[in-house]
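Have a look at entry10.txt below; it lists compact mmCIF, C-alpha atoms.
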```
# COMPACT_ATOMS: atom_id res chain seq x y z
CA MET G 35 0.00 0.00 0.00
CA LEU G 36 2.79 2.38 0.93
CA TRP G 37 4.56 1.84 -2.40
CA ASN G 38 1.35 2.48 -4.36
CA THR G 39 0.74 5.62 -2.35
CA PHE G 40 4.29 6.77 -3.09
CA LEU G 41 3.76 6.18 -6.85
CA LEU G 42 0.49 8.14 -6.75
CA ALA G 43 2.32 11.02 -5.03
CA LEU G 44 5.05 11.04 -7.71
CA ARG G 45 2.41 10.99 -10.47
CA ALA G 46 0.69 14.00 -8.92
CA ILE G 47 4.00 15.86 -8.68
CA ARG G 48 4.88 15.13 -12.33
CA ARG G 49 1.45 16.37 -13.38
CA ASN G 50 2.44 19.94 -12.46
CA LEU G 51 6.23 20.01 -12.86
CA MET G 52 6.62 23.79 -13.01
CA ARG G 53 4.51 24.34 -9.90
CA SER G 54 6.34 21.55 -8.10
CA PHE G 55 9.70 23.08 -9.08
CA LEU G 56 8.73 26.52 -7.76
CA THR G 57 7.45 24.94 -4.56
CA VAL G 58 10.70 23.02 -4.04
CA LEU G 59 12.78 26.13 -4.81
CA GLY G 60 12.05 27.66 -1.41
CA ILE G 61 13.35 24.57 0.36
CA VAL G 62 16.39 24.39 -1.96
CA ILE G 63 17.36 27.99 -1.22
CA GLY G 64 16.79 27.56 2.52
CA VAL G 65 18.83 24.37 2.85
CA ALA G 66 21.61 25.68 0.61
CA ALA G 67 21.80 28.96 2.54
CA VAL G 68 21.98 27.28 5.95
CA ILE G 69 24.64 24.74 4.93
CA THR G 70 26.71 27.32 3.04
CA MET G 71 26.71 29.82 5.92
CA VAL G 72 27.64 27.18 8.52
CA THR G 73 30.31 25.59 6.29
CA LEU G 74 31.96 28.95 5.58
CA GLY G 75 31.80 29.81 9.27
CA ASN G 76 33.49 26.52 10.17
CA GLY G 77 36.13 27.19 7.51
CA ALA G 78 36.80 30.66 8.92
CA THR G 79 37.11 29.19 12.43
CA LYS G 80 39.58 26.54 11.23
CA SER G 81 41.55 29.20 9.37
CA VAL G 82 41.90 31.25 12.56
CA THR G 83 42.92 28.15 14.53
CA ASP G 84 45.53 27.19 11.94
CA GLN G 85 46.96 30.70 11.89
CA ILE G 86 47.26 30.76 15.65
CA SER G 87 48.92 27.33 15.72
CA SER G 88 51.45 28.65 13.20
CA MET G 89 52.58 31.14 15.86
CA GLY G 90 54.04 28.24 17.81
CA SER G 91 52.95 25.20 19.75
CA ASN G 92 52.47 25.45 23.53
CA LEU G 93 53.37 29.13 23.27
CA ILE G 94 53.01 31.59 26.14
CA MET G 95 53.40 35.31 25.57
CA VAL G 96 54.23 37.64 28.44
CA VAL G 97 53.67 41.36 27.90
CA PRO G 98 53.85 44.36 30.22
CA GLY G 99 50.52 45.97 31.10
CA GLN G 100 47.10 44.37 31.00
CA ARG G 101 46.48 44.40 27.27
CA PHE G 102 47.95 42.51 24.35
CA GLY G 103 49.14 44.86 21.64
CA PRO G 104 51.06 48.12 21.17
CA GLY G 105 51.78 50.03 24.34
CA SER G 106 52.00 48.79 27.90
CA GLY G 107 49.79 51.35 29.58
CA GLY G 108 52.70 52.78 31.60
CA ALA G 109 53.81 49.40 33.02
CA PRO G 110 57.59 48.88 33.12
CA ASN G 111 59.14 46.65 30.46
CA PHE G 112 61.00 43.47 31.27
CA LYS G 113 64.76 43.12 31.76
CA MET G 114 67.15 40.44 30.56
CA ALA G 115 67.42 39.32 34.18
CA ASP G 116 63.71 38.37 34.05
CA VAL G 117 64.37 36.15 31.05
CA GLU G 118 67.32 34.51 32.78
CA ALA G 119 65.26 33.96 35.95
CA ILE G 120 62.53 32.20 33.98
CA GLY G 121 65.15 30.01 32.30
CA ASP G 122 66.70 29.09 35.66
CA GLN G 123 63.53 28.59 37.72
CA ILE G 124 60.76 27.49 35.34
CA SER G 125 61.60 23.89 34.44
CA LEU G 126 58.53 23.57 32.16
CA ALA G 127 59.90 26.19 29.74
CA GLU G 128 61.78 24.82 26.72
CA TRP G 129 62.46 27.98 24.68
CA ILE G 130 62.51 31.53 26.07
CA ALA G 131 62.75 34.33 23.52
CA PRO G 132 63.08 37.95 24.69
CA VAL G 133 61.68 40.31 22.05
CA ALA G 134 62.24 43.98 21.21
CA HIS G 135 60.46 45.63 18.25
CA LYS G 136 61.09 48.67 16.08
CA SER G 137 59.34 49.85 12.92
CA VAL G 138 61.87 50.83 10.25
CA THR G 139 62.37 51.25 6.52
CA ALA G 140 64.62 48.63 4.94
CA VAL G 141 66.51 49.62 1.79
CA TYR G 142 68.26 47.52 -0.84
CA GLN G 143 69.65 49.37 -3.86
CA ALA G 144 66.65 51.24 -5.37
CA ASN G 145 64.03 49.31 -3.40
CA ASN G 146 62.71 50.19 0.04
CA TRP G 147 60.07 48.66 2.27
CA SER G 148 58.57 49.65 5.63
CA THR G 149 58.68 46.71 8.00
CA VAL G 150 59.19 45.71 11.63
CA VAL G 151 62.56 44.67 13.02
CA THR G 152 62.41 42.08 15.79
CA GLY G 153 65.37 41.70 18.10
CA SER G 154 65.70 38.33 19.81
CA THR G 155 67.83 35.23 20.32
CA ASN G 156 67.90 31.93 18.45
CA ASP G 157 65.16 30.67 20.81
CA TYR G 158 62.78 32.92 18.86
CA PHE G 159 62.76 30.55 15.87
CA PRO G 160 61.67 27.28 17.54
CA ALA G 161 59.40 29.13 20.00
CA GLY G 162 57.55 30.82 17.15
CA ASN G 163 57.56 27.72 14.93
CA TRP G 164 59.77 29.45 12.34
CA GLU G 165 61.72 27.46 9.77
CA LEU G 166 64.48 28.60 7.43
CA ALA G 167 63.99 28.52 3.67
CA SER G 168 67.70 29.24 3.16
CA GLY G 169 70.73 30.47 5.08
CA ARG G 170 71.30 30.12 8.82
CA THR G 171 70.43 31.62 12.20
CA PHE G 172 72.72 33.68 14.46
CA SER G 173 76.02 32.44 15.83
CA ASP G 174 76.89 32.86 19.51
CA THR G 175 79.47 35.49 18.59
CA GLU G 176 76.92 37.52 16.62
CA LEU G 177 74.45 37.40 19.50
CA LYS G 178 76.96 38.41 22.17
CA ALA G 179 78.62 41.16 20.11
CA GLY G 180 75.37 42.52 18.66
CA ARG G 181 76.55 42.15 15.07
CA ALA G 182 74.57 43.73 12.21
CA VAL G 183 73.18 40.51 10.72
CA CYS G 184 69.58 39.63 10.02
CA VAL G 185 67.14 36.93 8.95
CA ILE G 186 64.32 38.25 6.77
CA GLY G 187 60.74 37.12 6.14
CA ASP G 188 59.42 36.10 2.74
CA THR G 189 57.53 39.38 2.20
CA VAL G 190 60.65 41.47 2.82
CA ARG G 191 62.62 39.20 0.49
CA ASP G 192 60.02 39.66 -2.25
CA LYS G 193 59.77 43.46 -1.87
CA LEU G 194 63.50 44.13 -1.72
CA PHE G 195 65.09 41.34 -3.75
CA GLY G 196 62.38 39.99 -6.03
CA GLY G 197 63.59 36.69 -7.43
CA GLN G 198 67.20 37.13 -6.27
CA ASN G 199 68.80 35.12 -3.48
CA PRO G 200 69.29 37.66 -0.67
CA VAL G 201 71.65 35.57 1.47
CA GLY G 202 75.00 37.35 1.65
CA SER G 203 73.60 40.70 0.50
CA GLU G 204 73.36 43.79 2.69
CA ILE G 205 70.28 45.88 3.40
CA ARG G 206 70.33 49.30 5.02
CA ILE G 207 68.41 49.80 8.27
CA LYS G 208 68.51 53.45 9.28
CA GLN G 209 72.19 54.44 9.40
CA PHE G 210 73.81 51.00 9.29
CA ALA G 211 74.14 48.11 6.86
CA CYS G 212 72.91 44.66 7.86
CA GLU G 213 74.02 41.42 6.25
CA VAL G 214 71.22 38.99 5.33
CA ILE G 215 72.23 35.55 6.63
CA GLY G 216 68.92 33.73 6.25
CA VAL G 217 65.38 33.73 4.81
CA LEU G 218 62.35 32.38 6.66
CA LYS G 219 59.75 30.06 5.19
CA SER G 220 56.45 31.77 4.53
CA LYS G 221 53.73 31.63 7.21
CA GLY G 222 51.13 33.92 5.65
CA GLN G 223 48.64 36.08 7.48
CA SER G 224 48.27 35.90 11.24
CA ALA G 225 44.98 35.44 13.09
CA MET G 226 45.02 39.16 13.89
CA GLY G 227 45.22 40.05 10.21
CA SER G 228 48.91 41.07 10.01
CA ASP G 229 51.46 39.63 7.61
CA GLN G 230 53.75 37.34 9.60
CA ASP G 231 56.29 37.28 6.75
CA ASP G 232 56.76 41.04 6.86
CA THR G 233 59.59 40.90 9.38
CA VAL G 234 63.32 41.33 9.83
CA ILE G 235 64.90 39.48 12.76
CA MET G 236 68.20 40.65 14.30
CA PRO G 237 70.19 39.77 17.41
CA LEU G 238 68.56 41.31 20.49
CA ARG G 239 71.60 43.40 21.41
CA THR G 240 71.80 44.85 17.90
CA VAL G 241 68.23 46.13 18.09
CA GLN G 242 68.63 47.39 21.66
CA ARG G 243 71.82 49.34 20.90
CA ARG G 244 71.23 50.60 17.35
CA LEU G 245 67.45 50.96 17.06
CA VAL G 246 65.67 51.04 20.41
CA GLY G 247 68.41 52.65 22.47
CA SER G 248 67.34 50.77 25.59
CA PRO G 249 68.10 47.38 27.20
CA ASP G 250 64.38 46.87 27.91
CA ILE G 251 62.47 43.88 26.58
CA GLY G 252 58.97 44.49 25.28
CA ARG G 253 57.74 40.90 25.23
CA MET G 254 58.74 37.35 26.08
CA SER G 255 57.71 34.36 23.97
CA ILE G 256 57.99 31.15 25.98
CA SER G 257 57.48 27.69 24.48
CA ILE G 258 56.47 25.02 26.98
CA LYS G 259 57.78 21.45 26.78
CA ASN G 260 55.56 18.89 25.05
CA GLY G 261 53.25 17.16 27.52
CA ALA G 262 53.74 19.84 30.17
CA SER G 263 50.78 21.72 31.62
CA ILE G 264 50.47 25.19 30.12
CA ASP G 265 48.28 26.32 33.02
CA ALA G 266 50.91 25.19 35.55
CA ALA G 267 53.63 27.01 33.58
CA LYS G 268 51.53 30.19 33.44
CA LYS G 269 50.99 30.06 37.19
CA GLN G 270 54.71 29.58 37.89
CA ILE G 271 55.68 32.42 35.53
CA THR G 272 53.07 34.72 37.09
CA LEU G 273 54.29 34.05 40.64
CA LEU G 274 57.93 34.54 39.63
CA LEU G 275 57.29 37.83 37.83
CA ARG G 276 55.11 39.16 40.67
CA GLU G 277 58.01 38.52 43.02
CA ARG G 278 60.58 40.08 40.71
CA ARG G 279 58.39 43.16 40.06
CA ASN G 280 57.64 43.61 43.79
CA ILE G 281 53.87 43.30 43.42
CA LEU G 282 52.26 42.97 46.83
CA GLU G 283 49.53 40.46 47.69
CA GLY G 284 46.15 41.83 46.65
CA GLU G 285 47.60 44.13 43.98
CA ASP G 286 46.85 43.56 40.30
CA ASN G 287 49.55 42.34 37.96
CA ASP G 288 51.26 44.97 35.81
CA PHE G 289 51.87 42.32 33.14
CA ARG G 290 49.85 39.75 31.28
CA VAL G 291 50.61 36.06 30.76
CA MET G 292 48.68 34.77 27.75
CA ASP G 293 48.79 31.52 25.80
CA THR G 294 47.71 30.79 22.23
CA ARG G 295 44.64 28.88 23.47
CA GLN G 296 43.20 32.09 24.93
CA ILE G 297 43.82 33.97 21.69
CA ALA G 298 42.21 31.13 19.74
CA GLU G 299 39.18 31.05 22.05
CA ALA G 300 38.72 34.82 21.84
CA LEU G 301 38.90 34.89 18.05
CA THR G 302 37.02 31.67 17.27
CA SER G 303 34.18 32.58 19.64
CA THR G 304 33.47 35.59 17.44
CA THR G 305 33.37 33.53 14.25
CA LYS G 306 31.18 30.90 15.94
CA ILE G 307 28.64 33.51 17.06
CA LEU G 308 28.53 35.02 13.56
CA THR G 309 28.08 31.53 12.09
CA MET G 310 25.14 30.84 14.39
CA LEU G 311 23.52 34.18 13.55
CA LEU G 312 23.93 33.69 9.80
CA GLY G 313 22.66 30.12 10.05
CA ALA G 314 19.61 31.27 12.02
CA VAL G 315 18.82 33.98 9.47
CA ALA G 316 19.19 31.49 6.63
CA ALA G 317 16.93 29.01 8.46
CA VAL G 318 14.05 31.51 8.19
CA SER G 319 13.96 30.85 4.45
CA LEU G 320 13.32 27.18 5.25
CA LEU G 321 10.17 28.18 7.12
CA VAL G 322 9.13 30.34 4.18
CA GLY G 323 9.65 27.31 1.92
CA GLY G 324 7.47 25.22 4.25
CA ILE G 325 4.69 27.77 4.04
CA GLY G 326 4.98 27.60 0.24
CA ILE G 327 4.56 23.82 0.37
CA MET G 328 1.44 24.15 2.53
CA ASN G 329 -0.01 26.75 0.19
CA ILE G 330 0.54 24.61 -2.91
CA MET G 331 -0.82 21.50 -1.21
CA LEU G 332 -3.98 23.38 -0.24
CA VAL G 333 -4.38 24.44 -3.88
CA SER G 334 -3.79 20.83 -4.94
CA VAL G 335 -6.49 19.58 -2.57
CA THR G 336 -8.95 22.09 -3.99
CA GLU G 337 -8.12 21.14 -7.58
CA ARG G 338 -8.38 17.40 -6.88
CA THR G 339 -11.51 17.42 -4.76
CA ARG G 340 -13.45 15.32 -7.28
CA GLU G 341 -10.58 12.81 -7.54
CA ILE G 342 -10.50 12.53 -3.74
CA GLY G 343 -14.26 11.98 -3.68
CA ILE G 344 -14.01 9.14 -6.22
CA ARG G 345 -11.28 7.42 -4.20
CA LEU G 346 -13.27 7.70 -1.01
CA ALA G 347 -16.46 6.53 -2.76
CA ILE G 348 -14.88 3.33 -4.11
CA GLY G 349 -13.50 2.34 -0.75
CA ALA G 350 -10.30 4.27 -0.05
CA LEU G 351 -9.75 4.87 3.65
CA GLU G 352 -9.24 8.32 5.12
CA ARG G 353 -5.75 7.38 6.32
CA GLU G 354 -4.81 6.35 2.75
CA VAL G 355 -5.83 9.75 1.38
CA LEU G 356 -4.07 11.43 4.29
CA LEU G 357 -0.92 9.41 3.62
CA GLN G 358 -0.99 10.20 -0.11
CA PHE G 359 -0.99 13.97 0.38
CA LEU G 360 1.46 13.77 3.27
CA ILE G 361 3.89 11.76 1.12
CA GLU G 362 3.54 14.33 -1.67
CA ALA G 363 4.58 17.08 0.73
CA VAL G 364 7.47 15.03 2.17
CA VAL G 365 8.73 14.06 -1.31
CA LEU G 366 8.70 17.71 -2.40
CA SER G 367 10.56 18.90 0.69
CA SER G 368 13.03 15.98 0.59
CA LEU G 369 13.85 16.64 -3.06
CA GLY G 370 14.41 20.26 -2.11
CA GLY G 371 16.68 19.15 0.73
CA LEU G 372 18.83 16.90 -1.47
CA THR G 373 19.09 19.54 -4.19
CA GLY G 374 19.95 22.17 -1.57
CA ILE G 375 22.75 19.98 -0.17
CA ALA G 376 24.24 19.52 -3.65
CA LEU G 377 23.97 23.25 -4.38
CA ALA G 378 25.47 24.16 -0.99
CA THR G 379 28.44 21.82 -1.52
CA GLY G 380 29.34 23.47 -4.82
CA ALA G 381 28.75 26.99 -3.50
CA SER G 382 30.73 26.36 -0.31
CA MET G 383 33.75 24.97 -2.18
CA ALA G 384 33.72 27.89 -4.63
CA LEU G 385 33.30 30.57 -1.93
CA ALA G 386 35.90 28.94 0.35
CA GLY G 387 38.43 29.13 -2.48
CA PHE G 388 37.47 32.74 -3.21
CA MET G 389 37.73 33.74 0.47
CA ASP G 390 40.98 31.77 0.89
CA ILE G 391 39.68 29.69 3.78
CA PRO G 392 39.65 25.87 4.06
CA TYR G 393 36.54 23.95 2.99
CA VAL G 394 35.36 21.96 6.01
CA PHE G 395 32.66 19.38 5.28
CA ASP G 396 30.30 19.09 8.23
CA PRO G 397 28.16 15.91 7.99
CA THR G 398 26.09 17.00 11.00
CA ILE G 399 24.74 20.21 9.45
CA ASN G 400 24.12 18.46 6.11
CA MET G 401 22.15 15.64 7.74
CA ALA G 402 20.33 18.02 10.08
CA SER G 403 19.31 20.26 7.17
CA PHE G 404 17.94 17.29 5.21
CA ILE G 405 16.01 15.94 8.21
CA PHE G 406 14.67 19.43 8.92
CA SER G 407 13.53 19.84 5.32
CA ALA G 408 11.71 16.47 5.49
CA ALA G 409 10.16 17.46 8.82
CA ILE G 410 8.92 20.67 7.24
CA GLY G 411 7.13 18.53 4.65
CA VAL G 412 5.43 16.58 7.43
CA ILE G 413 4.52 19.65 9.49
CA PHE G 414 3.30 21.92 6.71
CA GLY G 415 1.82 19.07 4.66
CA PHE G 416 -0.28 17.61 7.46
CA PHE G 417 -3.02 20.26 7.46
CA PRO G 418 -3.73 20.06 3.70
CA ALA G 419 -3.58 16.23 3.88
CA ARG G 420 -5.97 16.20 6.86
CA ARG G 421 -8.32 18.48 4.99
CA ALA G 422 -8.29 16.15 1.96
CA ALA G 423 -8.89 13.05 4.09
CA GLY G 424 -11.78 14.73 5.90
CA LEU G 425 -13.79 15.55 2.75
CA ASN G 426 -17.29 14.12 2.49
CA PRO G 427 -17.33 11.80 -0.57
CA ILE G 428 -20.78 13.01 -1.75
CA ASP G 429 -19.83 16.67 -1.48
CA ALA G 430 -16.50 15.94 -3.17
CA LEU G 431 -18.22 14.21 -6.13
CA ARG G 432 -20.52 17.17 -6.60
CA HIS G 433 -17.53 19.57 -6.71
CA GLU G 434 -16.82 21.15 -10.11
```

Let's see the structure in the file written out as structure tokens.
Amino acid sequence: MLWNTFLLALRAIRRNLMRSFLTVLGIVIGVAAVITMVTLGNGATKSVTDQISSMGSNLIMVVPGQRFGPGSGGAPNFKMADVEAIGDQISLAEWIAPVAHKSVTAVYQANNWSTVVTGSTNDYFPAGNWELASGRTFSDTELKAGRAVCVIGDTVRDKLFGGQNPVGSEIRIKQFACEVIGVLKSKGQSAMGSDQDDTVIMPLRTVQRRLVGSPDIGRMSISIKNGASIDAAKKQITLLLRERRNILEGEDNDFRVMDTRQIAEALTSTTKILTMLLGAVAAVSLLVGGIGIMNIMLVSVTERTREIGIRLAIGALEREVLLQFLIEAVVLSSLGGLTGIALATGASMALAGFMDIPYVFDPTINMASFIFSAAIGVIFGFFPARRAAGLNPIDALRHE
């Protein structure tokens, strides 16, 4: 009986193909919109997570003041003695990179480029997950003497040298020449939107003496050993720095200890909220599509009143008529759901490539959208089907 009812439903749908297509279109657009919005949101979230992980694994950043970014709000910077104390007393720390920054203009022959010079030690490279594309890092002699040598990022290499190999060449930074001894592998854009490859890295003492003019350290990047507790390391670092900076019990810290998980949570929470909002807005179109199905089914019941009367008169049960119209509604909405999934897959892959974010297939949202579209067929198709099943056969036969 169920198979015959299904065949009758398909025959009725084929009878008015254009109307059936327009009815399904609302469901198609709704399902495609929901899946596309959620898929792109998941891709954006993964992109942010990947960018943060590229900053370094198990990475803790310590900055003066209570905000992460330019300026310390009047809090004193760190000293090299703080870095040495962390190295001596925090056993969980594997790499400790003191950092000093300075914005400069780098010049090579007729080319110049505004960039940021980072002064640090060789710990900066493994702590920040940096790898060399060519050349080498600093020697102990260069670090101790503050020699004018540098390792440049891929963006700086491209802007100043083009296709040339820069290793062994000299670039001018302010009033002194700096020998390029290495080139970093490209990392791309950071989670905060800046170009990670737009950098020049020099020995810490070189930057302090020739550019900053101060022995202060503006930031510490600390990589924790694999398997060690980041929370335990943060607590130890906080207690040590409070002691070294003479912060009394009950007073707020004048520094901030932050790990990449916190940055990831702060940034991904924003993308997740936007994804939910966009998905909710797109889901409204599914309801509109359901209303369209109910409207068309009501029209179909009116048009087929005489047919319904004949079926009832020759012995069809009310539940059979109810099931026929309910299956018609479910078939329409299910076809819309399947078509919407196919359309969303193509649109999501195309838009992900255009937006330069990874395409992340989410089976949950695809299955949920299909089930929801089928449920809409049941919900919005029930009233027209109930109306058809409740017709009086005599009155239905008299209908013109």

Ranking G:Val141, G:Val72, G:Asp116, G:Thr57 by minimum distance to Leu274 of chain G and counting all atoms listed in the file, which one comes first?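 Going through G:Val141, G:Val72, G:Asp116, G:Thr57 one by one, the smallest distance to Leu274 of chain G is for G:Asp116.
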
Of the listed residues G:Ala347, G:Leu126, G:Val62, G:Ile361, that which approaches Ser403 of chain G most closely, counting all atoms listed in the file: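 The answer is G:Val62, which sits nearest to Ser403 of chain G.
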
Quick check, in Å to one decimal: how far apart do atom CA of Asp390 of chain G and atom CA of Thr189 of chain G lie?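 Atom CA of Asp390 of chain G sits 18.3 Å away from atom CA of Thr189 of chain G.
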
Could you build a table of the residues in segment 200-307 of chain G lying no more than 6 Å from segment 143-159 of chain G, giving for each the nearest pair of atoms and their separation in Å rounded to one decimal place, using only C-alpha atoms, ordered by chain and ascending residue number, as JSON lines?
```
{"residue": "G:Thr233", "atom": "CA", "partner": "G:Val150", "partner_atom": "CA", "distance": 5.3}
{"residue": "G:Val234", "atom": "CA", "partner": "G:Val151", "partner_atom": "CA", "distance": 4.7}
{"residue": "G:Ile235", "atom": "CA", "partner": "G:Thr152", "partner_atom": "CA", "distance": 4.7}
{"residue": "G:Met236", "atom": "CA", "partner": "G:Gly153", "partner_atom": "CA", "distance": 4.9}
{"residue": "G:Pro237", "atom": "CA", "partner": "G:Gly153", "partner_atom": "CA", "distance": 5.2}
{"residue": "G:Leu238", "atom": "CA", "partner": "G:Gly153", "partner_atom": "CA", "distance": 4.0}
{"residue": "G:Val241", "atom": "CA", "partner": "G:Gly153", "partner_atom": "CA", "distance": 5.3}
```

Find the residue from G:Ile410, G:Lys178, G:Gln270, G:Ile61 that sits nearest to Gly371 of chain G; use all atoms listed in the file when measuring.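 Comparing G:Ile410, G:Lys178, G:Gln270, G:Ile61 against Gly371 of chain G, the winner is G:Ile61.
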
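Minimum atom-to-atom distances from G:Lys219, G:Thr240, G:Pro249, G:Ala67 to Phe112 of chain G were compared using only C-alpha atoms, and the lowest value belongs to G:Pro249.
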
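Computed from the coordinates, the atom CA of Thr79 of chain G to atom CA of Ser303 of chain G distance equals 8.5 Å.
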
For Ala378 of chain G, which residue out of G:Ser257, G:Ser54, G:Thr73, G:Gln123 is the nearest one, using all atoms listed in the file?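 The shortest atom-to-atom distance to Ala378 of chain G comes from G:Thr73.
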
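For the pair atom CA of Arg48 of chain G and atom CA of Ser319 of chain G, the separation is 24.7 Å.
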
Between G:Met310, G:Val318, G:Leu360, G:Ala127, which one has atoms that come closest to Asn92 of chain G, using all atoms listed in the file?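 When distances to Asn92 of chain G are compared using all atoms listed in the file, the smallest one comes from G:Ala127.
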
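Residue neighbourhood of segment 278-283 of chain G, excluding near-sequence residues (fewer than 2 positions): Pro98, Ala109, Pro110, Asn111, Phe112, Lys113, Ala115, Asp116, Val117, Glu118, Ala119, Ile120, Ile271, Thr272, Leu273, Leu274, Leu275, Arg276, Glu285, Asp286, Asn287, Asp288 and Phe289 of chain G, at 12 Å, using only C-alpha atoms.
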
Those same residues - C-alpha atoms - I'd like them written as a tab-separated table (two decimals), keeping the file's coordinate frame.
```
chain	number	residue	atom	x	y	z
G	98	PRO	CA	53.85	44.36	30.22
G	109	ALA	CA	53.81	49.40	33.02
G	110	PRO	CA	57.59	48.88	33.12
G	111	ASN	CA	59.14	46.65	30.46
G	112	PHE	CA	61.00	43.47	31.27
G	113	LYS	CA	64.76	43.12	31.76
G	115	ALA	CA	67.42	39.32	34.18
G	116	ASP	CA	63.71	38.37	34.05
G	117	VAL	CA	64.37	36.15	31.05
G	118	GLU	CA	67.32	34.51	32.78
G	119	ALA	CA	65.26	33.96	35.95
G	120	ILE	CA	62.53	32.20	33.98
G	271	ILE	CA	55.68	32.42	35.53
G	272	THR	CA	53.07	34.72	37.09
G	273	LEU	CA	54.29	34.05	40.64
G	274	LEU	CA	57.93	34.54	39.63
G	275	LEU	CA	57.29	37.83	37.83
G	276	ARG	CA	55.11	39.16	40.67
G	285	GLU	CA	47.60	44.13	43.98
G	286	ASP	CA	46.85	43.56	40.30
G	287	ASN	CA	49.55	42.34	37.96
G	288	ASP	CA	51.26	44.97	35.81
G	289	PHE	CA	51.87	42.32	33.14
```

Can you pull out the residues contacting Ile258 of chain G? Cut-off 12 Å, using all atoms listed in the file, and skip same-chain residues under 5 positions away; I want them as a VMD selection string. chain G and resid 90 to 95 120 to 121 124 to 131 160 to 162 263 to 268 270 to 271 293 to 294

Please produce an output containing C-alpha atoms for each residue in the selection, written as a PDB file, in the coordinates of the input.
```pdb
ATOM      1  CA  GLY G  90      54.040  28.240  17.810  1.00  0.00           C
ATOM      2  CA  SER G  91      52.950  25.200  19.750  1.00  0.00           C
ATOM      3  CA  ASN G  92      52.470  25.450  23.530  1.00  0.00           C
ATOM      4  CA  LEU G  93      53.370  29.130  23.270  1.00  0.00           C
ATOM      5  CA  ILE G  94      53.010  31.590  26.140  1.00  0.00           C
ATOM      6  CA  MET G  95      53.400  35.310  25.570  1.00  0.00           C
ATOM      7  CA  ILE G 120      62.530  32.200  33.980  1.00  0.00           C
ATOM      8  CA  GLY G 121      65.150  30.010  32.300  1.00  0.00           C
ATOM      9  CA  ILE G 124      60.760  27.490  35.340  1.00  0.00           C
ATOM     10  CA  SER G 125      61.600  23.890  34.440  1.00  0.00           C
ATOM     11  CA  LEU G 126      58.530  23.570  32.160  1.00  0.00           C
ATOM     12  CA  ALA G 127      59.900  26.190  29.740  1.00  0.00           C
ATOM     13  CA  GLU G 128      61.780  24.820  26.720  1.00  0.00           C
ATOM     14  CA  TRP G 129      62.460  27.980  24.680  1.00  0.00           C
ATOM     15  CA  ILE G 130      62.510  31.530  26.070  1.00  0.00           C
ATOM     16  CA  ALA G 131      62.750  34.330  23.520  1.00  0.00           C
ATOM     17  CA  PRO G 160      61.670  27.280  17.540  1.00  0.00           C
ATOM     18  CA  ALA G 161      59.400  29.130  20.000  1.00  0.00           C
ATOM     19  CA  GLY G 162      57.550  30.820  17.150  1.00  0.00           C
ATOM     20  CA  SER G 263      50.780  21.720  31.620  1.00  0.00           C
ATOM     21  CA  ILE G 264      50.470  25.190  30.120  1.00  0.00           C
ATOM     22  CA  ASP G 265      48.280  26.320  33.020  1.00  0.00           C
ATOM     23  CA  ALA G 266      50.910  25.190  35.550  1.00  0.00           C
ATOM     24  CA  ALA G 267      53.630  27.010  33.580  1.00  0.00           C
ATOM     25  CA  LYS G 268      51.530  30.190  33.440  1.00  0.00           C
ATOM     26  CA  GLN G 270      54.710  29.580  37.890  1.00  0.00           C
ATOM     27  CA  ILE G 271      55.680  32.420  35.530  1.00  0.00           C
ATOM     28  CA  ASP G 293      48.790  31.520  25.800  1.00  0.00           C
ATOM     29  CA  THR G 294      47.710  30.790  22.230  1.00  0.00           C
TER      30      THR G 294
END
```

With a distance cut-off of 9 Å and all atoms listed in the file, select the neighbouring residues of segment 243-246 of chain G, excluding the residue or stretch itself and same-chain residues fewer than 3 positions from it, and output the selection as a ChimeraX atom specification. /G:134-136,138,151,180,207-210,238-240,249-250

What's the 9 Å shell around Ala363 of chain G, counting all atoms listed in the file, without same-chain residues fewer than 2 positions away, as number ranges by chain? G: 43, 327-328, 331, 358-361, 365-368, 408, 410-412, 414-416, 419

Excluding segment 196-204 of chain G and residues on its chain fewer than 4 positions from it, collect all residues at most 8 Å away from it, counting all atoms listed in the file, and give them as a ChimeraX atom specification. /G:142,168-169,191-192,211-217

Could you rebuild segment 386-392 of chain G with N, CA and C atoms and give it back as a PDB file, keeping the file's coordinate frame?
```
ATOM      1  N   ALA G 386      34.736  29.175  -0.519  1.00  0.00           N
ATOM      2  CA  ALA G 386      35.900  28.940   0.350  1.00  0.00           C
ATOM      3  C   ALA G 386      37.196  29.232  -0.406  1.00  0.00           C
ATOM      4  N   GLY G 387      37.248  28.820  -1.671  1.00  0.00           N
ATOM      5  CA  GLY G 387      38.430  29.130  -2.480  1.00  0.00           C
ATOM      6  C   GLY G 387      38.566  30.616  -2.726  1.00  0.00           C
ATOM      7  N   PHE G 388      37.445  31.290  -2.966  1.00  0.00           N
ATOM      8  CA  PHE G 388      37.470  32.740  -3.210  1.00  0.00           C
ATOM      9  C   PHE G 388      37.894  33.506  -1.967  1.00  0.00           C
ATOM     10  N   MET G 389      37.420  33.055  -0.797  1.00  0.00           N
ATOM     11  CA  MET G 389      37.730  33.740   0.470  1.00  0.00           C
ATOM     12  C   MET G 389      39.054  33.274   1.066  1.00  0.00           C
ATOM     13  N   ASP G 390      39.692  32.301   0.429  1.00  0.00           N
ATOM     14  CA  ASP G 390      40.980  31.770   0.890  1.00  0.00           C
ATOM     15  C   ASP G 390      40.874  31.196   2.307  1.00  0.00           C
ATOM     16  N   ILE G 391      39.821  30.405   2.517  1.00  0.00           N
ATOM     17  CA  ILE G 391      39.680  29.690   3.780  1.00  0.00           C
ATOM     18  C   ILE G 391      39.477  28.215   3.447  1.00  0.00           C
ATOM     19  N   PRO G 392      39.804  27.306   4.367  1.00  0.00           N
ATOM     20  CA  PRO G 392      39.650  25.870   4.060  1.00  0.00           C
ATOM     21  C   PRO G 392      38.178  25.472   3.966  1.00  0.00           C
TER      22      PRO G 392
END
```
